[in-house]
Structure formats: structure tokens, C-alpha cells
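Asks: Dropping in my_file.tsv, with TSV, C-alpha atoms.
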chain	number	residue	atom	x	y	z
A	1	MET	CA	0.00	0.00	0.00
A	2	SER	CA	2.99	2.28	-0.16
A	3	GLN	CA	2.37	5.45	-2.14
A	4	THR	CA	4.52	6.46	-5.07
A	5	ALA	CA	6.34	9.75	-5.38
A	6	THR	CA	3.79	10.82	-7.98
A	7	PHE	CA	0.81	10.40	-5.64
A	8	ASP	CA	-1.51	13.40	-6.01
A	9	ALA	CA	-3.98	13.76	-3.15
A	10	THR	CA	-6.07	16.24	-5.11
A	11	GLN	CA	-6.97	13.44	-7.53
A	12	LEU	CA	-8.59	11.30	-4.85
A	13	PRO	CA	-12.26	10.52	-5.59
A	14	GLY	CA	-14.95	11.92	-3.34
A	15	PRO	CA	-14.80	15.16	-1.33
A	16	THR	CA	-12.28	17.88	-2.14
A	17	LEU	CA	-10.52	20.04	0.42
A	18	ASN	CA	-13.20	22.68	-0.20
A	19	ASP	CA	-15.90	20.10	0.58
A	20	PHE	CA	-14.23	19.23	3.89
A	21	ALA	CA	-13.97	22.94	4.71
A	22	ASP	CA	-17.68	23.42	3.90
A	23	ALA	CA	-18.56	20.50	6.17
A	24	ALA	CA	-16.50	22.03	8.98
A	25	THR	CA	-18.37	25.33	8.59
A	26	THR	CA	-21.74	23.58	8.57
A	27	LEU	CA	-20.87	21.63	11.72
A	28	GLN	CA	-19.87	24.69	13.75
A	29	GLY	CA	-22.03	24.83	16.86
A	30	VAL	CA	-23.28	21.29	16.24
A	31	ALA	CA	-20.32	18.92	16.50
A	32	GLN	CA	-17.71	19.74	19.10
A	33	GLU	CA	-14.07	20.24	18.30
A	34	THR	CA	-13.02	17.36	20.51
A	35	PRO	CA	-9.84	17.65	22.56
A	36	VAL	CA	-6.47	16.10	21.83
A	37	GLU	CA	-4.84	14.62	24.94
A	38	VAL	CA	-1.14	13.73	25.18
A	39	SER	CA	-0.46	10.19	26.44
A	40	ARG	CA	2.91	9.87	28.11
A	41	TYR	CA	2.42	6.14	28.60
A	42	LEU	CA	1.68	5.41	24.94
A	43	SER	CA	4.51	7.75	23.94
A	44	GLN	CA	6.90	5.57	25.94
A	45	VAL	CA	5.51	2.41	24.34
A	46	LEU	CA	5.71	3.72	20.77
A	47	GLY	CA	8.91	5.71	21.18
A	48	GLN	CA	7.23	8.75	19.61
A	49	PRO	CA	4.96	11.48	21.00
A	50	VAL	CA	1.40	10.10	21.04
A	51	SER	CA	-1.80	12.12	21.34
A	52	LEU	CA	-5.39	10.89	21.55
A	53	LYS	CA	-8.12	12.53	19.44
A	54	CYS	CA	-11.07	12.11	21.79
A	55	GLU	CA	-14.15	11.58	19.64
A	56	ASN	CA	-15.45	9.48	22.54
A	57	LEU	CA	-16.20	12.89	24.11
A	58	GLN	CA	-18.18	14.05	21.07
A	59	ARG	CA	-21.90	14.81	21.34
A	60	THR	CA	-23.81	11.50	21.08
A	61	GLY	CA	-20.58	9.80	22.16
A	62	ALA	CA	-19.02	9.27	18.73
A	63	TYR	CA	-17.86	10.94	15.51
A	64	LYS	CA	-20.96	9.73	13.61
A	65	ILE	CA	-22.83	12.97	14.29
A	66	ARG	CA	-20.48	14.76	11.88
A	67	GLY	CA	-21.33	12.80	8.75
A	68	ALA	CA	-24.99	12.35	9.62
A	69	TYR	CA	-25.60	16.06	10.24
A	70	TYR	CA	-23.73	17.21	7.15
A	71	CYS	CA	-25.43	14.65	4.92
A	72	ILE	CA	-28.90	15.64	6.16
A	73	SER	CA	-28.08	19.34	5.83
A	74	LYS	CA	-27.43	18.84	2.11
A	75	LEU	CA	-30.92	17.46	1.46
A	76	SER	CA	-33.42	19.63	-0.38
A	77	ASP	CA	-36.47	21.00	1.42
A	78	GLU	CA	-38.62	18.48	-0.41
A	79	GLU	CA	-36.37	15.60	0.71
A	80	LYS	CA	-36.34	16.84	4.30
A	81	ALA	CA	-40.13	16.93	4.31
A	82	ARG	CA	-40.16	13.18	3.53
A	83	GLY	CA	-38.02	12.39	6.58
A	84	VAL	CA	-34.95	10.21	6.88
A	85	VAL	CA	-34.40	6.56	7.65
A	86	ALA	CA	-31.34	4.58	8.74
A	87	ALA	CA	-30.35	1.12	9.92
A	88	SER	CA	-27.87	0.84	12.76
A	89	ALA	CA	-27.09	-1.02	15.95
A	90	GLY	CA	-25.36	1.89	17.62
A	91	ASN	CA	-23.51	5.11	16.91
A	92	HIS	CA	-24.93	5.82	13.45
A	93	ALA	CA	-28.45	5.52	14.87
A	94	GLN	CA	-27.70	8.13	17.52
A	95	GLY	CA	-25.97	10.41	15.02
A	96	VAL	CA	-28.88	10.34	12.58
A	97	ALA	CA	-31.47	10.77	15.34
A	98	PHE	CA	-29.64	13.75	16.82
A	99	ALA	CA	-28.96	15.37	13.43
A	100	ALA	CA	-32.58	14.97	12.35
A	101	ARG	CA	-33.87	16.47	15.57
A	102	GLU	CA	-31.57	19.47	15.27
A	103	GLN	CA	-32.85	20.13	11.74
A	104	GLY	CA	-36.51	19.52	12.51
A	105	ILE	CA	-36.77	16.33	10.45
A	106	LYS	CA	-38.57	13.08	11.26
A	107	ALA	CA	-36.19	10.13	11.66
A	108	THR	CA	-36.97	6.41	11.62
A	109	ILE	CA	-34.29	3.99	12.78
A	110	PHE	CA	-34.32	0.22	12.24
A	111	THR	CA	-32.15	-1.71	14.65
A	112	PRO	CA	-31.60	-5.35	15.71
A	113	VAL	CA	-33.46	-6.64	18.75
A	114	GLY	CA	-30.17	-7.19	20.59
A	115	VAL	CA	-29.11	-3.53	20.47
A	116	ALA	CA	-27.47	-2.33	23.70
A	117	LEU	CA	-30.06	-0.71	25.97
A	118	PRO	CA	-28.12	2.57	26.50
A	119	LYS	CA	-27.85	3.08	22.71
A	120	LEU	CA	-31.53	2.28	22.22
A	121	GLN	CA	-32.58	4.69	24.96
A	122	ALA	CA	-30.34	7.46	23.62
A	123	THR	CA	-31.67	7.10	20.07
A	124	LYS	CA	-35.26	7.33	21.32
A	125	ALA	CA	-34.37	10.30	23.52
A	126	TYR	CA	-33.24	12.21	20.43
A	127	GLY	CA	-36.77	11.86	19.08
A	128	ALA	CA	-36.38	9.11	16.49
A	129	GLU	CA	-38.92	6.34	15.97
A	130	VAL	CA	-37.05	3.11	16.63
A	131	ILE	CA	-38.23	-0.17	15.08
A	132	LEU	CA	-36.65	-3.35	16.41
A	133	GLY	CA	-36.30	-6.47	14.29
A	134	GLY	CA	-33.81	-9.16	13.34
A	135	GLU	CA	-30.90	-10.75	15.15
A	136	SER	CA	-28.18	-9.03	13.07
A	137	ILE	CA	-27.85	-5.75	11.17
A	138	ASN	CA	-28.80	-7.44	7.88
A	139	GLU	CA	-32.53	-7.52	8.65
A	140	PRO	CA	-32.71	-3.82	9.69
A	141	LEU	CA	-30.77	-2.84	6.55
A	142	LYS	CA	-33.32	-4.59	4.36
A	143	ALA	CA	-36.21	-3.13	6.35
A	144	ALA	CA	-34.79	0.40	6.02
A	145	GLN	CA	-34.48	0.00	2.25
A	146	GLU	CA	-38.08	-1.22	2.01
A	147	PHE	CA	-39.28	1.61	4.24
A	148	ALA	CA	-37.52	4.18	2.04
A	149	ALA	CA	-39.10	2.69	-1.11
A	150	GLU	CA	-42.57	2.65	0.42
A	151	THR	CA	-42.61	6.04	2.15
A	152	GLY	CA	-40.13	8.14	0.19
A	153	ALA	CA	-37.97	8.70	3.27
A	154	VAL	CA	-34.34	9.45	2.43
A	155	ARG	CA	-31.97	6.72	3.55
A	156	ILE	CA	-28.86	7.99	5.36
A	157	PRO	CA	-26.10	5.42	4.82
A	158	PRO	CA	-23.56	4.76	7.58
A	159	PHE	CA	-20.40	5.27	5.53
A	160	ASP	CA	-20.58	4.95	1.73
A	161	HIS	CA	-21.65	8.46	0.68
A	162	PRO	CA	-19.60	11.55	-0.25
A	163	ASP	CA	-21.40	13.81	2.25
A	164	ILE	CA	-20.92	11.28	5.05
A	165	ILE	CA	-17.23	11.09	4.16
A	166	ALA	CA	-16.94	14.88	4.06
A	167	GLY	CA	-18.48	15.20	7.51
A	168	GLN	CA	-16.26	12.54	9.05
A	169	GLY	CA	-13.23	14.12	7.40
A	170	THR	CA	-13.57	17.18	9.63
A	171	VAL	CA	-11.90	15.03	12.30
A	172	GLY	CA	-8.81	15.10	10.07
A	173	LEU	CA	-8.89	18.87	9.64
A	174	GLU	CA	-9.07	19.31	13.42
A	175	ILE	CA	-6.09	17.00	13.91
A	176	MET	CA	-4.04	19.07	11.48
A	177	ASP	CA	-4.92	22.26	13.38
A	178	GLN	CA	-4.48	20.81	16.87
A	179	VAL	CA	-1.22	18.93	16.18
A	180	PRO	CA	0.45	20.96	13.39
A	181	ASP	CA	3.54	18.73	13.28
A	182	VAL	CA	1.63	15.45	13.18
A	183	ALA	CA	3.48	12.78	11.20
A	184	THR	CA	1.31	9.67	11.71
A	185	VAL	CA	-2.45	9.27	12.22
A	186	ILE	CA	-4.03	5.98	13.34
A	187	VAL	CA	-7.74	5.43	12.61
A	188	PRO	CA	-10.20	2.55	13.20
A	189	ILE	CA	-11.76	1.10	10.04
A	190	GLY	CA	-15.16	-0.52	9.68
A	191	GLY	CA	-16.95	0.27	6.46
A	192	GLY	CA	-14.43	3.03	5.88
A	193	GLY	CA	-16.38	6.29	6.20
A	194	LEU	CA	-14.24	7.73	8.99
A	195	MET	CA	-10.98	6.50	7.50
A	196	ALA	CA	-11.82	7.69	3.99
A	197	GLY	CA	-12.72	11.13	5.29
A	198	VAL	CA	-9.77	11.53	7.66
A	199	ALA	CA	-7.22	10.12	5.20
A	200	SER	CA	-8.44	12.21	2.26
A	201	ALA	CA	-8.70	15.45	4.25
A	202	ILE	CA	-5.26	15.01	5.83
A	203	LYS	CA	-3.53	13.92	2.63
A	204	GLN	CA	-4.96	16.84	0.67
A	205	ARG	CA	-4.18	19.35	3.42
A	206	ALA	CA	-0.66	17.98	3.91
A	207	GLN	CA	0.06	18.16	0.18
A	208	ALA	CA	-1.11	21.77	0.11
A	209	GLU	CA	1.34	22.46	2.94
A	210	GLY	CA	4.17	20.68	1.14
A	211	ARG	CA	4.60	17.75	3.51
A	212	THR	CA	3.46	14.17	4.08
A	213	VAL	CA	1.51	12.44	6.84
A	214	LYS	CA	1.40	8.65	7.25
A	215	ILE	CA	-2.09	7.15	7.67
A	216	ILE	CA	-2.53	3.75	9.36
A	217	GLY	CA	-5.84	1.92	9.64
A	218	VAL	CA	-6.79	-0.68	12.25
A	219	GLN	CA	-9.44	-3.37	11.80
A	220	ALA	CA	-10.82	-6.05	14.10
A	221	GLU	CA	-9.23	-9.41	13.26
A	222	ASN	CA	-12.66	-11.08	13.15
A	223	ALA	CA	-14.09	-8.51	10.72
A	224	ALA	CA	-11.33	-7.31	8.42
A	225	PRO	CA	-12.48	-6.99	4.80
A	226	TYR	CA	-10.01	-4.30	3.72
A	227	LEU	CA	-6.85	-6.40	3.52
A	228	PRO	CA	-8.37	-9.06	1.21
A	229	SER	CA	-10.16	-6.32	-0.74
A	230	LEU	CA	-6.91	-4.44	-1.34
A	231	GLU	CA	-5.28	-7.68	-2.43
A	232	ALA	CA	-8.15	-8.35	-4.84
A	233	GLY	CA	-8.21	-4.77	-6.11
A	234	GLU	CA	-11.93	-4.38	-5.35
A	235	PRO	CA	-14.30	-4.62	-2.39
A	236	VAL	CA	-14.88	-8.23	-1.35
A	237	SER	CA	-17.01	-9.74	1.41
A	238	VAL	CA	-15.57	-11.65	4.35
A	239	GLU	CA	-17.15	-13.74	7.06
A	240	VAL	CA	-17.75	-11.63	10.15
A	241	ARG	CA	-17.00	-13.71	13.23
A	242	PRO	CA	-18.11	-12.75	16.74
A	243	THR	CA	-16.21	-9.73	18.06
A	244	ILE	CA	-16.52	-7.12	20.78
A	245	ASN	CA	-15.64	-4.58	18.08
A	246	ASP	CA	-19.24	-4.41	16.86
A	247	GLY	CA	-18.88	-0.79	15.72
A	248	ILE	CA	-16.41	-1.80	12.98
A	249	ALA	CA	-17.74	-5.30	12.27
A	250	VAL	CA	-18.49	-4.78	8.59
A	251	GLN	CA	-18.64	-7.56	6.01
A	252	LYS	CA	-17.66	-5.51	2.94
A	253	PRO	CA	-16.00	-2.11	2.35
A	254	GLY	CA	-18.02	0.74	0.94
A	255	ALA	CA	-17.35	1.27	-2.77
A	256	LEU	CA	-16.35	4.95	-2.59
A	257	ASN	CA	-14.56	4.42	0.71
A	258	PHE	CA	-12.48	1.67	-0.84
A	259	GLU	CA	-11.46	3.85	-3.81
A	260	ILE	CA	-10.19	6.53	-1.44
A	261	ILE	CA	-8.55	4.21	1.08
A	262	LYS	CA	-6.62	2.14	-1.47
A	263	ASP	CA	-4.68	5.27	-2.47
A	264	ALA	CA	-4.72	7.43	0.66
A	265	VAL	CA	-3.97	4.89	3.40
A	266	ASP	CA	-0.40	3.72	3.87
A	267	GLU	CA	-0.93	0.62	6.01
A	268	ILE	CA	-3.66	-1.49	7.63
A	269	VAL	CA	-3.21	-3.81	10.61
A	270	THR	CA	-5.60	-5.96	12.64
A	271	VAL	CA	-6.06	-6.56	16.38
A	272	THR	CA	-7.79	-9.29	18.38
A	273	ASP	CA	-10.56	-8.91	20.92
A	274	ASP	CA	-8.17	-9.64	23.79
A	275	GLU	CA	-5.79	-6.96	22.54
A	276	THR	CA	-8.70	-4.53	22.30
A	277	ALA	CA	-9.82	-5.32	25.85
A	278	ARG	CA	-6.33	-4.62	27.15
A	279	ALA	CA	-6.29	-1.28	25.32
A	280	MET	CA	-9.60	-0.27	26.88
A	281	LEU	CA	-8.20	-1.05	30.31
A	282	VAL	CA	-5.09	1.03	29.61
A	283	LEU	CA	-7.25	3.96	28.48
A	284	LEU	CA	-9.33	3.72	31.65
A	285	GLU	CA	-6.35	3.54	33.99
A	286	ARG	CA	-3.78	5.72	32.23
A	287	ALA	CA	-5.91	8.30	30.41
A	288	LYS	CA	-9.11	8.18	32.51
A	289	LEU	CA	-11.10	7.75	29.30
A	290	VAL	CA	-14.09	5.48	28.65
A	291	VAL	CA	-13.72	4.18	25.09
A	292	GLU	CA	-15.83	1.57	23.34
A	293	PRO	CA	-14.02	-1.44	21.84
A	294	SER	CA	-14.09	-0.15	18.25
A	295	GLY	CA	-12.69	3.16	19.39
A	296	ALA	CA	-9.74	1.56	21.17
A	297	VAL	CA	-8.29	-0.55	18.35
A	298	GLY	CA	-5.67	2.06	17.44
A	299	VAL	CA	-4.33	2.02	20.99
A	300	ALA	CA	-4.38	-1.80	20.90
A	301	ALA	CA	-2.20	-1.76	17.79
A	302	ILE	CA	0.36	0.44	19.55
A	303	LEU	CA	0.42	-1.70	22.69
A	304	GLU	CA	0.94	-4.87	20.65
A	305	GLY	CA	3.86	-3.41	18.68
A	306	LYS	CA	2.00	-3.43	15.37
A	307	ILE	CA	2.63	0.24	14.60
A	308	THR	CA	5.81	1.78	13.23
A	309	ALA	CA	5.64	5.55	13.39
A	310	THR	CA	8.06	8.43	12.96
A	311	GLY	CA	7.32	11.72	14.60
A	312	PRO	CA	4.24	12.95	16.50
A	313	THR	CA	1.40	10.41	16.27
A	314	VAL	CA	-2.34	10.91	16.78
A	315	VAL	CA	-4.71	8.02	17.55
A	316	VAL	CA	-8.41	8.58	16.87
A	317	LEU	CA	-10.63	7.29	19.68
A	318	SER	CA	-13.76	7.06	17.55
A	319	GLY	CA	-16.41	6.53	20.23
A	320	GLY	CA	-17.27	5.97	23.86
A	321	ASN	CA	-20.71	4.35	23.76
A	322	ILE	CA	-20.52	1.07	25.64
A	323	ASP	CA	-23.04	-0.89	27.67
A	324	PRO	CA	-21.86	-0.98	31.33
A	325	MET	CA	-22.46	-4.75	31.38
A	326	ILE	CA	-20.14	-5.17	28.40
A	327	MET	CA	-17.64	-2.84	30.04
A	328	GLU	CA	-17.56	-5.06	33.14
A	329	ARG	CA	-16.78	-8.14	31.04
A	330	VAL	CA	-14.19	-6.28	28.97
A	331	ILE	CA	-12.39	-5.01	32.07
A	332	SER	CA	-12.19	-8.55	33.45
A	333	ARG	CA	-10.89	-9.82	30.11
A	334	GLY	CA	-8.40	-6.97	29.86
A	335	MET	CA	-7.09	-7.64	33.36
A	336	ALA	CA	-6.71	-11.33	32.56
A	337	GLY	CA	-4.89	-10.48	29.34
A	338	ALA	CA	-2.54	-8.20	31.26
A	339	GLY	CA	-1.80	-10.98	33.76
A	340	ARG	CA	-3.54	-9.16	36.60
A	341	TYR	CA	-6.51	-11.46	37.03
A	342	MET	CA	-6.00	-15.21	37.33
A	343	LYS	CA	-8.50	-18.03	37.66
A	344	MET	CA	-7.04	-21.32	38.86
A	345	ARG	CA	-8.32	-24.69	39.99
A	346	ILE	CA	-6.63	-26.75	42.68
A	347	PRO	CA	-7.47	-30.37	43.58
A	348	LEU	CA	-7.41	-30.78	47.37
A	349	PRO	CA	-7.68	-33.67	49.86
A	350	ASP	CA	-11.23	-33.75	51.24
A	351	ARG	CA	-10.40	-32.95	54.83
A	352	PRO	CA	-10.75	-29.93	57.12
A	353	GLY	CA	-8.29	-27.03	56.90
A	354	GLN	CA	-7.32	-27.26	53.21
A	355	LEU	CA	-9.29	-24.19	52.16
A	356	ALA	CA	-7.77	-22.14	54.96
A	357	ARG	CA	-4.26	-23.37	54.12
A	358	THR	CA	-4.43	-22.44	50.43
A	359	SER	CA	-5.87	-19.05	51.36
A	360	GLU	CA	-2.95	-18.44	53.71
A	361	ILE	CA	-0.44	-19.25	50.95
A	362	VAL	CA	-2.09	-16.90	48.49
A	363	SER	CA	-2.39	-14.18	51.13
A	364	ALA	CA	1.30	-14.52	52.01
A	365	GLN	CA	2.11	-13.60	48.41
A	366	ASN	CA	0.02	-10.39	48.77
A	367	ALA	CA	-2.48	-11.53	46.15
A	368	ASN	CA	-6.17	-10.73	46.61
A	369	VAL	CA	-8.77	-13.51	46.36
A	370	VAL	CA	-11.98	-12.10	44.86
A	371	GLU	CA	-14.01	-15.29	44.43
A	372	VAL	CA	-13.93	-18.86	45.75
A	373	ILE	CA	-15.77	-21.93	44.45
A	374	HIS	CA	-15.48	-25.20	46.41
A	375	THR	CA	-16.94	-28.39	44.92
A	376	ARG	CA	-16.78	-32.17	45.16
A	377	HIS	CA	-18.08	-32.60	41.62
A	378	GLY	CA	-15.16	-31.52	39.41
A	379	THR	CA	-14.31	-33.64	36.39
A	380	GLY	CA	-11.44	-36.10	37.06
A	381	LEU	CA	-11.53	-35.78	40.84
A	382	GLN	CA	-10.97	-38.84	42.99
A	383	ILE	CA	-13.65	-39.72	45.53
A	384	SER	CA	-11.40	-38.43	48.33
A	385	GLN	CA	-10.76	-35.07	46.63
A	386	VAL	CA	-12.49	-31.72	46.25
A	387	GLU	CA	-11.70	-28.94	43.80
A	388	LEU	CA	-11.05	-25.36	44.76
A	389	GLU	CA	-11.45	-22.62	42.17
A	390	LEU	CA	-9.82	-19.32	43.12
A	391	HIS	CA	-10.19	-16.00	41.27
A	392	VAL	CA	-7.19	-13.90	42.23
A	393	GLU	CA	-6.06	-10.33	41.52
A	394	THR	CA	-2.31	-9.96	41.01
A	395	ARG	CA	0.12	-7.20	40.08
A	396	GLY	CA	0.99	-8.80	36.76
A	397	PRO	CA	2.40	-11.96	35.13
A	398	GLU	CA	5.47	-12.18	37.41
A	399	HIS	CA	3.37	-11.85	40.55
A	400	ALA	CA	0.91	-14.46	39.25
A	401	GLU	CA	3.77	-16.89	38.72
A	402	GLU	CA	4.99	-16.23	42.27
A	403	VAL	CA	1.55	-17.23	43.60
A	404	LEU	CA	1.55	-20.43	41.55
A	405	SER	CA	5.12	-21.28	42.62
A	406	ALA	CA	4.24	-20.81	46.29
A	407	LEU	CA	1.30	-23.22	45.99
A	408	ARG	CA	3.42	-25.80	44.19
A	409	ALA	CA	6.14	-25.52	46.84
A	410	GLU	CA	3.54	-26.62	49.41
A	411	GLY	CA	2.59	-29.68	47.37
A	412	TYR	CA	-0.48	-28.32	45.58
A	413	GLU	CA	-1.09	-28.60	41.83
A	414	PRO	CA	-2.78	-25.37	40.67
A	415	ARG	CA	-4.04	-25.24	37.09
A	416	VAL	CA	-4.71	-21.87	35.41
A	417	VAL	CA	-7.95	-21.77	33.41
A	418	SER	CA	-9.33	-19.15	31.08
Now that the file is in, can you turn its structure into C-alpha cells?

Replies:
Amino acid sequence: MSQTATFDATQLPGPTLNDFADAATTLQGVAQETPVEVSRYLSQVLGQPVSLKCENLQRTGAYKIRGAYYCISKLSDEEKARGVVAASAGNHAQGVAFAAREQGIKATIFTPVGVALPKLQATKAYGAEVILGGESINEPLKAAQEFAAETGAVRIPPFDHPDIIAGQGTVGLEIMDQVPDVATVIVPIGGGGLMAGVASAIKQRAQAEGRTVKIIGVQAENAAPYLPSLEAGEPVSVEVRPTINDGIAVQKPGALNFEIIKDAVDEIVTVTDDETARAMLVLLERAKLVVEPSGAVGVAAILEGKITATGPTVVVLSGGNIDPMIMERVISRGMAGAGRYMKMRIPLPDRPGQLARTSEIVSAQNANVVEVIHTRHGTGLQISQVELELHVETRGPEHAEEVLSALRAEGYEPRVVS
């Protein structure tokens, strides 16, 4: 994906620099210019200055408001009178609902029945009519298309539209203003609306200023259509496997997005769910920021050593909308991935005092037991044995190994389980 010396950013398809500037003007007073926060910890990890572009602090909790508002603002009066319709399981729904309310337009949103309750409540609170149906996003997408055909409502796509791209690209213009010497920008990729906008706006602006900026995209490993699409030279579909990165779990790239990204993006990497969970935990502890899984993939790529950057680097945190129940599970997973939460099972002789003895050993290592399960019914146990399951908080992998070694030294056989 390396660009040639003859690359001309002004020849990219889609929005021009003037279009991005018009979108920025339109969004004044609507979308916030979100802050850029320096991360000393990530700077140490990457070996370059790292800043976080906090779209998780945007109104509605994500960047989606930018593209949705700008796209709706470009509709004619006659189109606005017919209302708008969208299909989404999250941030796009909230962006469209908010944008429609601000412009006095009726919005109808189709969403899967399993949508997170906070996102559902927020979308309704912005005044949209929400219609639930289907187990995945495919059914709502079809329903939204049928609704548009039957009622005349204008469908607002999540990413594959020039006005959506122009609105999302205002994130890139802000980065260039807020970090004038930026050399690398890292952006999450789903369908590609945010990446296409940010990459195109930054590349065009950088060329006008006579310099270059490296653009790196990050996809979820279980939903990564861009790498095979780039290899094929056209958008292709991939199987989307279960992932916590639901906000970027897209089966196929948008057509216009792909045409921009194949020329404007320098590199694309992928991250796993466990890597994402660890990144969310780091953002909570080190930056005091709540970031949804899809918004944290850029940080995950840095933590896992998948990014090579030169000069000041900006990571886009694309959203912060996460169900608290999911957050609880992600934190536990992130702690386990960081070696700070260990679940182990220990077969014990079925006689008094064994539970107290193992607890004393763990306590002597200054580890904290948070849950205990004691059973006589574990698989493979002898009739004279019981099984003890301990959930333990540790300071990290080395401390966890110290706990295990202490138990083994006393004749126990702990087994770590996931």
C-alpha cells in the first residue's frame, strides 16, 4: 500500500478540500471540536509522542454525528419533508437521530433486537422512531431500504456516501490544526467512512502544505475486509466472526470508501478482541477515558507493537458508547490479558483445613482472592478429593507466577484456566 512519489492527493475521488472545509463550517455549533490529549504512557511504548483525538467525548458519544448532520443538511427542502431513515445497531443511529432532531426532520431507525439498551434509549431520547427487528444488522438494513421505497424517506447510509465522508473528514482537519507537526495518524476502520474522510482530508491538506503524513488503519481481526479487498483490487465480502468490536464489524467495504482508502492509506493492521480489551483497560487507567471497543483498536495496535511511526502520532478514539455490562466483562478480560486477574483450579484432599491453608499461601504472596468456588463434583476428581477454584487479583504476570510457585512448593497442583 505504499504510495509512489507521484501520488496526487487532489486526484482522490470523493470530497475535495473545499468540501471538507464546507462541512467544517456547517458543523460549527453542532459537533464539538473534541480535545487532543497527550499520552505519556503510549509515547513511551511507541517511542514517539502520542496524542489521543477524543471523539469518545463528542456529542452522542461518537464521531458519527459529523457525517450524519452534514449529509442531512445537504438534502433539499422536499427531501427533508419526507423524513430520513437509517439502519444501525449503535452510533450511526444516535448520530442520525440527533442530526434529524436538530434540523426539525422526522427520523426512523431500524435496529436489531439485541441492540445495547443505552444506545436504544439514547436514540429514542433524540426523538427518532425506533423499530426493532432481526438478530443481526442485515434484517434492519433490508427493512430500512423497504421503508424508504414505500414512504419516500431518504436513507442515510452509515459510511458509503460523499457527504458522510466529508463530515467525518472534519476530524482530520481538526487533527491538522491541533497537532500541526503530526506525522502519523491511526484510525479505526469498519466500512471506511471515517478512514476515507480523515485520510483524504489530511492527505490533501498535507500536500497543500508541502509535507506528508502517514495514515494507518486498524481493523478487528474477526471482521477485516479491507486487507483481502486491497489484495483483490476491489471490495470483497468476508465472514464476520463474533467480536466485541461491533462498531467496525463490517462484512464488505463501501465502494467509494475503498477507492479513497486504497490510495490514501499507507498501512492497515488488525487486532484481536483480547488486545482490544487490554487497550480499553489502559485507556481507563492511564488516560481516565471510557472508550468503546471499536474506538480503542488504534491504541491496541500500539500496545501490541503493530505500529511503526516516525514523529508525533495521533490516535483517533472514535467513540465511547458502551453498555456498562459489556464494560464489566471487557475489564475482566483486559485484566486477565494483562496478567492481573487469574482463575485457577486446585485439587485438594477432602479434609478440614485445606481451604484455609491455600488461602494463607495466596495471602502470604500479597495476592487478593476475589471469588472462591469449592466443589466435590469436578471432572477427574478422585472420591477423596475436592476442587477449589480461586479467582485472584495480582500485580501482573510475574506476581501471578509467584503465587503459583508458592502453591506448588507446598505440594499443591494449581491449574490456570481461562

Asks: Considering all atoms listed in the file, return as a list in words whatever protein or nucleic-acid residues lie within 6 Å of region 122-135 of chain A, sequence-local ones (same chain, fewer than 5 positions apart) excluded.

Replies: Gln94, Ala97, Phe98, Ala107, Thr108, Ile109, Phe110, Thr111, Pro112 and Val113 of chain A

Asks: Give me the residues near Glu102 (chain A) as a list in words, where near means some atom within 12 Å (using all atoms listed in the file) and where sequence neighbours in that chain fewer than 3 positions away do not count.

Replies: Leu27, Gly29, Val30, Ala31, Ile65, Ala68, Tyr69, Tyr70, Ile72, Ser73, Gly95, Val96, Ala97, Phe98, Ala99, Ile105, Lys106, Ala107, Tyr126, Gly127 and Ala128 of chain A

Asks: Which one of A:Gly210, A:Gly167, A:Pro180, A:Gly411 sits closest to Ile361 (chain A) if you count all atoms listed in the file?

Replies: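 Comparing A:Gly210, A:Gly167, A:Pro180, A:Gly411 against Ile361 (chain A), the winner is A:Gly411.
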
Asks: Enter the distance from CA of Val269 (chain A) to CA of Ser294 (chain A), in Å, rounded to one decimal.

Replies: 13.8 Å

Asks: Just to confirm, what's the straight-line distance from CA of Gly47 (chain A) to CA of Glu267 (chain A) in Å (one decimal)?

Replies: 18.8 Å

Asks: Might you pull out every residue within 8 Å of region 319-321 of chain A, with all atoms listed in the file counted and same-chain residues fewer than 4 positions away left off, and present them as a list in words?

Replies: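 Surrounding residues, per the criterion: Cys54, Glu55, Asn56, Leu57, Gln58, Gly61, Ala62, Tyr63, Asn91, Lys119, Val290, Val291, Glu292, Ser294 and Gly295 of chain A.
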
Asks: With 12 Å as the cut-off and all atoms listed in the file counted, what is the closest atom pair between each nearby residue of region 47-161 of chain A and region 196-205 of chain A? Distances in Å to one decimal, ordered by chain and number, as a Markdown table.

Replies:
| residue | atom | partner | partner_atom | distance |
| --- | --- | --- | --- | --- |
| A:Lys53 | CA | A:Val198 | CA | 11.9 |
| A:Tyr63 | CA | A:Val198 | CA | 11.3 |
| A:Lys64 | CA | A:Gly197 | CA | 11.8 |
| A:Arg66 | CA | A:Gly197 | CA | 10.8 |
| A:Gly67 | CA | A:Gly197 | CA | 9.4 |
| A:Phe159 | CA | A:Ala196 | CA | 9.0 |
| A:Asp160 | CA | A:Ala196 | CA | 9.5 |
| A:His161 | CA | A:Gly197 | CA | 10.4 |

Asks: Counting only C-alpha atoms, which residue out of A:Arg241, A:His92, A:Lys306, A:Lys252 sits closest to Ala220 (chain A)?

Replies: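 Distance minimum relative to Ala220 (chain A) lands on A:Arg241.
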